[in-house]
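The next block is work-v2.txt, given as compact mmCIF, C-alpha atoms.
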# COMPACT_ATOMS: atom_id res chain seq x y z
CA MET J 685 138.12 33.92 21.77
CA ASP J 686 139.83 30.76 20.59
CA ASP J 687 142.09 28.75 22.90
CA GLY J 688 144.86 29.03 20.28
CA VAL J 689 144.77 32.81 20.31
CA ARG J 690 144.96 32.83 24.09
CA ALA J 691 147.91 30.42 23.94
CA LEU J 692 149.75 32.74 21.52
CA LEU J 693 149.27 35.65 23.93
CA LEU J 694 150.70 33.57 26.77
CA VAL J 695 153.67 32.43 24.68
CA ALA J 696 154.47 36.07 23.89
CA LEU J 697 154.91 36.93 27.61
CA PRO J 698 158.43 37.65 28.92
CA THR J 699 159.75 34.42 30.50
CA ASP J 700 160.11 35.85 34.00
CA LEU J 701 156.46 36.94 34.10
CA VAL J 702 154.86 33.79 32.73
CA VAL J 703 154.20 31.85 35.96
CA GLY J 704 152.74 34.82 37.85
CA GLU J 705 150.56 35.93 34.96
CA LEU J 706 149.39 32.41 34.23
CA THR J 707 148.41 31.81 37.84
CA HIS J 708 146.52 35.09 38.02
CA LEU J 709 144.69 34.42 34.75
CA TYR J 710 143.74 30.93 35.88
CA GLN J 711 142.63 31.89 39.37
CA HIS J 712 140.48 34.76 38.11
CA GLY J 713 139.44 33.15 34.84
CA ASP J 714 136.09 31.90 33.65
CA ALA J 715 135.88 28.29 32.48
CA ALA J 716 137.00 29.08 28.91
CA GLU J 717 139.96 31.16 30.11
CA ARG J 718 141.00 28.42 32.52
CA ARG J 719 140.80 25.79 29.83
CA ALA J 720 142.92 27.94 27.53
CA VAL J 721 145.57 28.34 30.24
CA LEU J 722 145.62 24.58 30.84
CA ARG J 723 145.92 23.80 27.15
CA ALA J 724 148.76 26.29 26.69
CA LEU J 725 150.90 24.82 29.49
CA PRO J 726 153.03 22.48 27.32
CA LEU J 727 154.08 25.48 25.20
CA LEU J 728 155.39 27.56 28.11
CA PRO J 729 158.86 27.67 29.77
CA ILE J 730 157.60 26.89 33.27
CA GLY J 731 158.75 23.40 34.26
CA ALA J 732 156.53 21.94 36.99
CA ALA J 733 155.41 25.38 38.31
CA ALA J 734 151.83 25.01 37.01
CA VAL J 735 151.12 21.63 38.63
CA PRO J 736 148.96 23.30 41.33
CA LEU J 737 146.73 24.72 38.57
CA VAL J 738 146.40 21.27 37.02
CA GLN J 739 145.52 19.84 40.44
CA ASP J 740 142.90 22.56 40.92
CA ALA J 741 141.31 21.75 37.55
CA LEU J 742 141.23 18.07 38.47
CA ARG J 743 139.19 18.89 41.59
CA THR J 744 136.41 20.40 39.47
CA ASN J 745 133.59 18.44 37.90
CA ASP J 746 133.87 20.38 34.64
CA SER J 747 134.88 18.02 31.84
CA ARG J 748 136.37 20.89 29.79
CA LEU J 749 138.80 21.64 32.61
CA ILE J 750 139.51 18.01 33.42
CA SER J 751 140.36 17.26 29.76
CA GLY J 752 142.49 20.41 29.64
CA ALA J 753 144.33 19.32 32.78
CA LEU J 754 145.09 15.87 31.39
CA GLY J 755 146.92 17.07 28.30
CA PRO J 756 150.64 16.52 27.61
CA TYR J 757 151.64 18.83 30.49
CA GLY J 758 149.63 16.91 33.09
CA ALA J 759 150.83 13.60 31.68
CA THR J 760 154.45 14.79 32.07
CA TYR J 761 154.35 16.40 35.51
CA LEU J 762 151.61 14.70 37.58
CA ASP J 763 152.96 12.17 40.07
CA ASP J 764 151.74 8.58 39.73
CA HIS J 765 149.02 8.85 42.39
CA SER J 766 147.58 12.07 40.95
CA TYR J 767 147.75 10.75 37.41
CA ARG J 768 145.84 7.58 38.34
CA HIS J 769 143.14 9.60 40.12
CA ALA J 770 142.92 11.92 37.13
CA VAL J 771 142.31 8.97 34.81
CA LEU J 772 139.60 7.68 37.18
CA LYS J 773 138.06 11.13 37.16
CA CYS J 774 137.85 10.95 33.36
CA VAL J 775 136.10 7.59 33.62
CA PHE J 776 133.61 9.08 36.13
CA THR J 777 132.90 12.16 34.06
CA GLY J 778 132.60 10.31 30.75
CA ILE J 779 135.74 11.70 29.12
CA PRO J 780 136.87 9.11 26.53
CA LEU J 781 140.22 7.63 27.59
CA GLY J 782 141.40 7.91 23.97
CA ASP J 783 141.62 11.69 24.57
CA VAL J 784 143.83 11.33 27.66
CA ALA J 785 147.53 12.15 27.25
CA GLY J 786 149.99 9.62 28.63
CA LEU J 787 147.85 6.53 28.05
CA PRO J 788 148.64 3.73 27.74
CA ALA J 789 152.31 4.48 28.58
CA ARG J 790 151.58 5.72 32.15
CA ALA J 791 148.97 3.08 32.93
CA ASP J 792 150.33 0.82 35.66
CA ARG J 793 149.26 -2.10 37.79
CA GLU J 794 147.78 0.14 40.52
CA LEU J 795 145.59 1.95 37.99
CA ALA J 796 144.45 -1.42 36.64
CA ARG J 797 143.60 -2.48 40.21
CA MET J 798 141.55 0.70 40.76
CA LEU J 799 139.69 0.28 37.49
CA ALA J 800 138.99 -3.40 38.20
CA ASP J 801 137.60 -2.47 41.64
CA TYR J 802 135.41 0.18 40.02
CA ALA J 803 134.15 -2.30 37.43
CA ARG J 804 133.21 -4.67 40.30
CA GLU J 805 131.23 -1.86 41.97
CA LEU J 806 129.37 -1.16 38.74
CA ILE J 807 128.57 -4.84 38.25
CA ALA J 808 127.31 -5.12 41.86
CA ALA J 809 125.07 -2.10 41.18
CA GLY J 810 123.73 -3.63 37.96
CA ARG J 811 125.25 -0.87 35.86
CA ASP J 812 127.24 -0.93 32.61
CA VAL J 813 131.05 -0.97 32.65
CA PRO J 814 132.54 1.60 30.22
CA PRO J 815 134.25 -0.41 27.46
CA ASP J 816 137.36 1.81 27.24
CA ILE J 817 138.63 0.76 30.69
CA GLN J 818 138.81 -2.94 29.78
CA PRO J 819 142.14 -2.87 27.87
CA LEU J 820 143.83 -1.14 30.81
CA ILE J 821 142.56 -3.84 33.19
CA ASP J 822 143.43 -6.67 30.80
CA ALA J 823 147.07 -5.50 30.65
CA TYR J 824 147.49 -6.73 34.26
CA PRO J 825 145.72 -10.09 34.53
CA GLU J 826 146.88 -10.44 38.16
CA VAL J 827 144.40 -7.74 39.32
CA GLY J 828 141.66 -10.22 38.49
CA ALA J 829 138.73 -10.06 36.11
CA PRO J 830 135.96 -7.74 37.33
CA MET F 428 105.34 8.47 58.61
CA ARG F 429 108.03 10.60 60.28
CA ILE F 430 111.34 11.03 58.51
CA PHE F 431 114.74 12.38 59.56
CA ASP F 432 117.04 13.01 56.58
CA PRO F 433 120.51 12.69 58.12
CA HIS F 434 122.35 14.20 55.13
CA VAL F 435 120.81 16.82 52.84
CA HIS F 436 122.28 20.10 51.52
CA MET F 437 119.23 22.35 51.85
CA THR F 438 121.21 25.51 51.05
CA SER F 439 121.09 24.29 47.43
CA ARG F 440 117.35 23.53 47.46
CA THR F 441 114.19 25.55 46.97
CA THR F 442 111.28 26.40 49.25
CA ASP F 443 109.16 24.03 47.10
CA ASP F 444 111.51 21.25 48.20
CA TYR F 445 110.95 22.12 51.85
CA ALA F 446 107.17 22.07 51.32
CA ALA F 447 107.32 18.72 49.48
CA MET F 448 109.59 17.23 52.15
CA TYR F 449 107.20 18.24 54.91
CA GLU F 450 104.31 16.76 52.93
CA ALA F 451 106.29 13.48 52.58
CA GLY F 452 106.84 13.27 56.34
CA VAL F 453 110.26 14.91 56.78
CA ARG F 454 110.36 16.63 60.18
CA ALA F 455 114.11 16.91 60.77
CA VAL F 456 117.26 17.23 58.66
CA VAL F 457 121.00 17.42 59.15
CA GLU F 458 122.89 19.54 56.63
CA PRO F 459 126.60 18.67 56.42
CA ALA F 460 129.09 21.35 55.40
CA PHE F 461 130.55 20.36 52.06
CA TRP F 462 131.90 21.42 48.67
CA LEU F 463 129.86 23.94 46.73
CA GLY F 464 130.69 22.73 43.24
CA GLN F 465 133.38 25.32 42.72
CA PRO F 466 136.40 26.09 44.85
CA ARG F 467 136.26 28.73 47.58
CA THR F 468 139.22 31.06 47.49
CA SER F 469 139.48 32.08 51.13
CA VAL F 470 138.66 31.13 54.72
CA ALA F 471 136.17 34.00 54.83
CA SER F 472 133.95 32.21 52.29
CA PHE F 473 133.74 29.26 54.66
CA VAL F 474 132.91 31.49 57.60
CA ASP F 475 129.97 32.99 55.68
CA TYR F 476 128.86 29.52 54.63
CA PHE F 477 129.06 28.12 58.18
CA ASP F 478 127.15 31.16 59.48
CA GLY F 479 124.39 30.39 56.97
CA LEU F 480 124.24 26.78 58.14
CA ILE F 481 123.59 27.85 61.73
CA GLY F 482 121.55 30.95 60.86
CA TRP F 483 119.49 31.54 57.75
CA GLU F 484 119.03 27.89 56.74
CA PRO F 485 117.52 26.66 60.05
CA PHE F 486 115.21 29.68 59.83
CA ARG F 487 114.10 28.71 56.31
CA ALA F 488 113.51 25.12 57.46
CA SER F 489 111.52 26.26 60.48
CA GLN F 490 109.15 28.15 58.20
CA PHE F 491 108.15 24.76 56.76
CA GLY F 492 107.88 22.89 60.05
CA ILE F 493 111.25 21.15 59.72
CA ARG F 494 114.00 21.01 62.37
CA HIS F 495 117.41 21.82 60.87
CA HIS F 496 120.79 20.92 62.37
CA CYS F 497 124.19 20.87 60.69
CA THR F 498 127.66 19.35 60.74
CA ILE F 499 130.75 21.52 60.31
CA ALA F 500 134.13 20.64 58.78
CA LEU F 501 136.64 21.34 56.05
CA ASN F 502 135.57 18.92 53.30
CA PRO F 503 138.15 16.51 51.82
CA LYS F 504 138.25 18.06 48.37
CA GLU F 505 139.09 21.55 49.60
CA ALA F 506 141.50 20.08 52.16
CA ASN F 507 143.88 19.97 49.17
CA ASP F 508 143.67 23.70 48.50
CA PRO F 509 146.30 25.67 50.42
CA ARG F 510 144.01 28.74 50.41
CA CYS F 511 141.58 26.83 52.67
CA ALA F 512 144.01 25.43 55.27
CA GLY F 513 143.04 28.17 57.76
CA VAL F 514 139.50 26.79 57.94
CA LEU F 515 140.76 24.32 60.56
CA ASP F 516 141.47 27.25 62.87
CA VAL F 517 137.89 28.56 62.77
CA LEU F 518 136.25 25.16 63.37
CA PRO F 519 136.41 25.26 67.18
CA ASP F 520 134.12 28.32 67.27
CA TYR F 521 131.47 26.40 65.35
CA LEU F 522 131.85 23.00 67.00
CA ALA F 523 130.69 24.62 70.24
CA LYS F 524 127.38 25.78 68.74
CA ASP F 525 124.03 24.27 69.77
CA GLN F 526 122.89 23.54 66.20
CA VAL F 527 126.09 21.65 65.27
CA VAL F 528 125.49 17.95 65.87
CA ALA F 529 128.66 16.45 64.34
CA VAL F 530 131.99 17.09 62.67
CA GLY F 531 131.57 16.50 58.92
CA GLU F 532 131.83 15.86 56.06
CA VAL F 533 135.38 14.68 56.60
CA GLY F 534 137.23 11.81 54.90
CA TYR F 535 138.88 11.24 51.55
CA ASP F 536 138.44 12.54 48.02
CA SER F 537 141.70 11.72 46.22
CA MET F 538 143.54 10.19 49.21
CA THR F 539 146.38 12.73 49.25
CA PRO F 540 148.75 13.47 52.17
CA ASP F 541 146.90 16.78 52.78
CA GLU F 542 143.63 14.87 53.09
CA ASP F 543 145.26 12.44 55.54
CA GLU F 544 146.34 15.29 57.78
CA VAL F 545 143.07 17.25 57.67
CA PHE F 546 141.02 14.09 58.31
CA ALA F 547 143.14 13.12 61.33
CA ARG F 548 143.03 16.67 62.77
CA GLN F 549 139.24 16.78 62.50
CA LEU F 550 138.85 13.38 64.18
CA GLU F 551 140.88 14.83 67.07
CA LEU F 552 138.51 17.82 67.17
CA ALA F 553 135.53 15.44 67.32
CA ILE F 554 137.11 13.69 70.30
CA ASP F 555 137.85 17.02 72.00
CA TYR F 556 134.31 18.33 71.47
CA GLU F 557 132.68 14.94 72.18
CA LEU F 558 130.83 15.06 68.87
CA PRO F 559 129.90 12.34 66.38
CA VAL F 560 131.62 12.36 62.97
CA LEU F 561 130.13 12.12 59.48
CA VAL F 562 132.66 10.58 57.10
CA HIS F 563 132.33 10.88 53.32
CA THR F 564 133.77 7.98 51.28
CA PRO F 565 135.40 8.76 47.94
CA HIS F 566 133.77 8.24 44.56
CA ARG F 567 137.05 7.11 43.02
CA ASP F 568 138.83 4.02 44.37
CA LYS F 569 135.95 3.60 46.79
CA LEU F 570 136.74 0.24 48.38
CA ALA F 571 140.41 1.09 49.04
CA GLY F 572 139.32 4.53 50.29
CA THR F 573 136.75 3.02 52.66
CA LEU F 574 139.23 0.52 54.10
CA ARG F 575 141.79 3.28 54.63
CA THR F 576 139.07 5.43 56.26
CA LEU F 577 138.32 2.65 58.74
CA ASP F 578 142.05 2.34 59.56
CA VAL F 579 142.28 6.09 60.24
CA VAL F 580 139.14 6.02 62.41
CA ARG F 581 140.55 3.10 64.40
CA GLU F 582 143.91 4.79 64.89
CA SER F 583 142.24 8.01 66.07
CA GLY F 584 140.78 6.25 69.11
CA ILE F 585 137.27 7.65 68.60
CA PRO F 586 134.61 5.09 69.59
CA PRO F 587 133.25 3.53 66.35
CA GLU F 588 129.64 4.07 67.47
CA ARG F 589 130.27 7.82 67.23
CA VAL F 590 131.23 7.55 63.53
CA VAL F 591 129.02 7.19 60.46
CA ILE F 592 130.60 6.19 57.14
CA ASP F 593 128.52 7.56 54.27
CA HIS F 594 127.88 6.86 50.57
CA LEU F 595 128.29 3.10 50.99
CA ASN F 596 127.34 0.45 48.46
CA GLU F 597 127.20 -3.33 48.09
CA VAL F 598 131.00 -3.57 47.94
CA THR F 599 131.82 -1.42 50.98
CA VAL F 600 128.99 -2.15 53.45
CA GLU F 601 130.45 -5.28 55.03
CA ALA F 602 133.77 -3.83 56.18
CA VAL F 603 131.95 -0.89 57.79
CA ARG F 604 129.44 -3.16 59.51
CA ASP F 605 132.30 -5.21 60.97
CA SER F 606 134.06 -2.05 62.21
CA GLY F 607 131.20 -1.08 64.54
CA CYS F 608 130.71 2.28 62.77
CA TRP F 609 127.27 3.35 61.53
CA MET F 610 126.51 2.73 57.84
CA ALA F 611 124.90 5.41 55.66
CA PHE F 612 123.62 5.26 52.10
CA SER F 613 122.86 8.14 49.76
CA ILE F 614 119.94 7.36 47.49
CA TYR F 615 120.38 9.17 44.17
CA PRO F 616 118.29 9.21 41.00
CA MET F 617 121.18 8.31 38.67
CA THR F 618 124.28 7.24 40.56
CA LYS F 619 125.42 5.98 43.97
CA MET F 620 122.41 3.94 45.13
CA THR F 621 118.78 3.33 44.19
CA GLU F 622 115.96 2.63 46.66
CA GLN F 623 115.56 -0.91 45.29
CA ARG F 624 119.26 -1.70 45.83
CA MET F 625 118.96 -0.12 49.29
CA VAL F 626 116.12 -2.46 50.22
CA ARG F 627 118.19 -5.43 49.08
CA ILE F 628 121.10 -4.28 51.29
CA LEU F 629 118.74 -3.91 54.28
CA LEU F 630 117.38 -7.41 53.67
CA ASP F 631 120.95 -8.77 53.52
CA HIS F 632 122.51 -6.78 56.39
CA GLY F 633 119.62 -5.84 58.69
CA ILE F 634 118.53 -2.42 59.92
CA GLU F 635 120.82 -1.97 62.93
CA ARG F 636 123.19 1.05 62.62
CA MET F 637 121.75 1.79 59.14
CA LEU F 638 121.01 5.33 57.91
CA VAL F 639 119.37 6.35 54.64
CA ASN F 640 119.76 9.85 53.23
CA SER F 641 118.98 11.80 50.07
CA ALA F 642 122.26 13.74 50.06
CA ALA F 643 120.29 16.12 47.84
CA ASP F 644 122.39 19.08 46.71
CA TRP F 645 122.95 21.15 43.57
CA GLY F 646 123.47 18.01 41.46
CA ARG F 647 120.91 15.58 40.10
CA SER F 648 119.33 14.47 43.33
CA ASP F 649 115.94 14.20 45.02
CA PRO F 650 115.16 15.26 48.60
CA LEU F 651 112.20 12.83 48.65
CA LYS F 652 114.42 9.75 48.24
CA THR F 653 114.17 9.03 51.97
CA ARG F 654 110.39 8.67 51.61
CA ARG F 655 110.73 6.62 48.41
CA THR F 656 113.09 4.24 50.20
CA ALA F 657 110.71 3.95 53.15
CA ASP F 658 107.88 3.11 50.73
CA ALA F 659 110.08 0.54 48.99
CA MET F 660 110.86 -1.04 52.39
CA LEU F 661 107.15 -1.34 53.19
CA ALA F 662 106.50 -2.85 49.75
CA ALA F 663 109.26 -5.40 50.40
CA GLY F 664 107.61 -6.53 53.65
CA PHE F 665 109.40 -4.49 56.32
CA SER F 666 107.07 -3.45 59.16
CA ALA F 667 106.15 0.15 59.87
CA SER F 668 108.25 -0.06 63.03
CA GLU F 669 111.31 -1.29 61.11
CA VAL F 670 110.89 1.56 58.62
CA ASP F 671 110.62 4.01 61.52
CA THR F 672 113.89 2.62 62.92
CA VAL F 673 115.74 3.31 59.65
CA VAL F 674 114.27 6.72 58.77
CA TRP F 675 113.79 8.15 62.25
CA ARG F 676 115.07 6.29 65.31
CA ASN F 677 118.53 5.48 63.87
CA PRO F 678 119.43 9.05 62.84
CA VAL F 679 118.04 10.31 66.15
CA ALA F 680 120.19 7.80 68.04
CA PHE F 681 123.30 8.65 66.02
CA TYR F 682 123.16 12.46 66.08
CA GLY F 683 121.58 12.36 69.55
CA GLN F 684 125.06 11.45 70.79
CA SER F 685 125.89 15.14 70.40
CA GLY F 686 123.35 15.93 73.15
CA ARG F 687 122.17 18.79 70.93
CA LEU F 688 119.23 17.46 68.88
CA GLU F 689 116.02 19.42 69.25
CA LEU F 690 113.10 17.52 67.81
CA ASP F 691 110.01 19.14 69.32
CA GLU F 692 107.43 19.96 66.72
CA VAL F 693 108.11 23.35 65.11
CA ASP F 694 105.52 25.98 65.85
CA VAL F 695 105.45 27.65 62.43
CA ASP F 696 105.23 31.42 62.70
CA GLU F 697 104.78 32.72 59.18
CA LEU F 698 105.42 36.27 60.28
CA ALA F 699 108.76 35.42 61.87
CA THR F 700 111.91 37.01 60.53
CA PHE F 701 115.60 36.20 60.74
CA GLU F 702 117.66 39.28 61.54
CA GLY F 703 114.84 41.30 59.99
CA ASN F 704 114.58 39.20 56.80
CA SER F 705 111.74 36.86 55.89
CA ILE F 706 111.27 34.30 53.11
CA ARG F 707 108.16 36.10 51.87
CA ARG F 708 109.58 37.82 48.80
CA GLY F 709 108.00 41.26 49.01
CA GLY F 710 105.39 39.98 51.44
CA ALA F 711 106.95 41.81 54.36

As structure tokens, what does this structure read like?
Amino acid sequence: MDDGVRALLLVALPTDLVVGELTHLYQHGDAAERRAVLRALPLLPIGAAAVPLVQDALRTNDSRLISGALGPYGATYLDDHSYRHAVLKCVFTGIPLGDVAGLPARADRELARMLADYARELIAAGRDVPPDIQPLIDAYPEVGAP
Amino acid sequence: MRIFDPHVHMTSRTTDDYAAMYEAGVRAVVEPAFWLGQPRTSVASFVDYFDGLIGWEPFRASQFGIRHHCTIALNPKEANDPRCAGVLDVLPDYLAKDQVVAVGEVGYDSMTPDEDEVFARQLELAIDYELPVLVHTPHRDKLAGTLRTLDVVRESGIPPERVVIDHLNEVTVEAVRDSGCWMAFSIYPMTKMTEQRMVRILLDHGIERMLVNSAADWGRSDPLKTRRTADAMLAAGFSASEVDTVVWRNPVAFYGQSGRLELDEVDVDELATFEGNSIRRGGA
């Protein structure tokens, strides 16, 4: 079943049932069901209530769930620390940063510092630095060139 | 060559791995409790997992002539999941067990307030139970995470020689060396650390307080990386005795602080069973 169809079913739920139903569907869902829940979040009248689901998805190593978690909903409701770690997680799991909601607007100096440190680790290990992190580092020259 | 792999998740490995490890010289392993790749939804799942680490898995290892010990903890990643908070309450039962040689893996994943609290609580447990601690360092924001780890260890009051900081690399090794904690390196096929880089680090920083592990688990990993690193050390000019220090005497000295290591040769009894079950599929 398509993510869009699942989203339509969620949107059709009575408002007072949405959070409970969503949480149940996510917690007992397979990977495709979880991704569909994550992608539907910006369409639902739930405020910040689904942040724990987003945090759960960000603890996985499944790039479908991580990308789903870092959509417009995650970009709106994740606190700065969680958002930065989520972006780093994308870098680690090979998710292109162009697909990440909230960038470059939510990129800050601390994220640039983390990415510059990571680039230094990669260089020390003789490994390649992913090109899409460079613009985020360059925006804050004070964190130092990797 | 005798090898002690101080960090390997054998629950995720096959009997062929055990046979190959024995063939390569592995005679003892420590299996840290960790994350299983997908979240556990209740404390009961941890209890079953911990029971396996002190029950079925040492039995499997013994069938291949390998001594198996474990470390027990709530891992940093699941420290963030409110469904798992009760794991801290069951830890004392396990930390008293003969096969448990440390508290671990503890430490940071995303450096959240929940992780801070669970890490500090488990360092207190290690002090109470007079056990060493195996500390995982985060993949993301590794240097900052390692420095914060060392601060937390210092504040806890645990003697640094009872703590090993794992998954180090060229950027994080120096701060750990200066702290007095033990330094551990996970040698992976694709990420973390290669055996050639490991040899370079040993040449630069010496072999004192150094541990090398395969950290083999359900991911791309290789339980023979300890042997490969030992071979690379010999090729680089380290003596057989220096290699023995890194792959045997150091892990024995570190986990020996628990007073619980049993390293006598295993008398393999192929007809043995564990609670009536054997590893001979259909053979008995």

Among listed residues J:Pro825, J:Arg743, J:Val771, J:Glu794, nearest chain F (using all atoms listed in the file):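 Of J:Pro825, J:Arg743, J:Val771, J:Glu794, the one nearest chain F, counting all atoms listed in the file, is J:Arg743.
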
Which polymer residues, whether protein, DNA or RNA, lie within 10 Å of the coordinate (111.4, 10.4, 55.4) when you count all atoms listed in the file? List them as a PyMOL selection string, using the chain letters and numbers from the file. chain F and resi 428-433+448-456+639-641+650-658+670-671+673-675

Do me a favour and pick out the residues of chain J within 9 Å of chain F, using only C-alpha atoms, as a PyMOL selection string. chain J and resi 711+736+739-740+743-745+765-766+769+772-773+776+798-799+801-802+804-805+808-809

As a PyMOL selection string, please: the residues near Ala829 (chain J) (cut-off 12 Å, all atoms listed in the file, same-chain neighbours under 4 positions excluded). chain J and resi 796-797+799-804+807+818-825

Next, dump the selected residues to file, keeping only C-alpha atoms, as a compact mmCIF listing (two decimals), keeping the file's coordinate frame.
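Below you can see part_1.txt, which holds the result:
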# COMPACT_ATOMS: atom_id res chain seq x y z
CA ALA J 796 144.45 -1.42 36.64
CA ARG J 797 143.60 -2.48 40.21
CA LEU J 799 139.69 0.28 37.49
CA ALA J 800 138.99 -3.40 38.20
CA ASP J 801 137.60 -2.47 41.64
CA TYR J 802 135.41 0.18 40.02
CA ALA J 803 134.15 -2.30 37.43
CA ARG J 804 133.21 -4.67 40.30
CA ILE J 807 128.57 -4.84 38.25
CA GLN J 818 138.81 -2.94 29.78
CA PRO J 819 142.14 -2.87 27.87
CA LEU J 820 143.83 -1.14 30.81
CA ILE J 821 142.56 -3.84 33.19
CA ASP J 822 143.43 -6.67 30.80
CA ALA J 823 147.07 -5.50 30.65
CA TYR J 824 147.49 -6.73 34.26
CA PRO J 825 145.72 -10.09 34.53

Might you pull out every residue within 6 Å of Gly752 (chain J), with all atoms listed in the file counted and same-chain residues fewer than 6 positions away left off, and present them as a list in words?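 So, after excluding close chain neighbours, the residues are Arg719, Leu722 and Arg723 of chain J.
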
For CA of Val530 (chain F) and CA of Leu552 (chain F), quote the distance in Å rounded to one decimal. 8.0 Å

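Taking CA of Leu737 (chain J) and CA of Ser469 (chain F) as endpoints, the distance between them is 16.3 Å.
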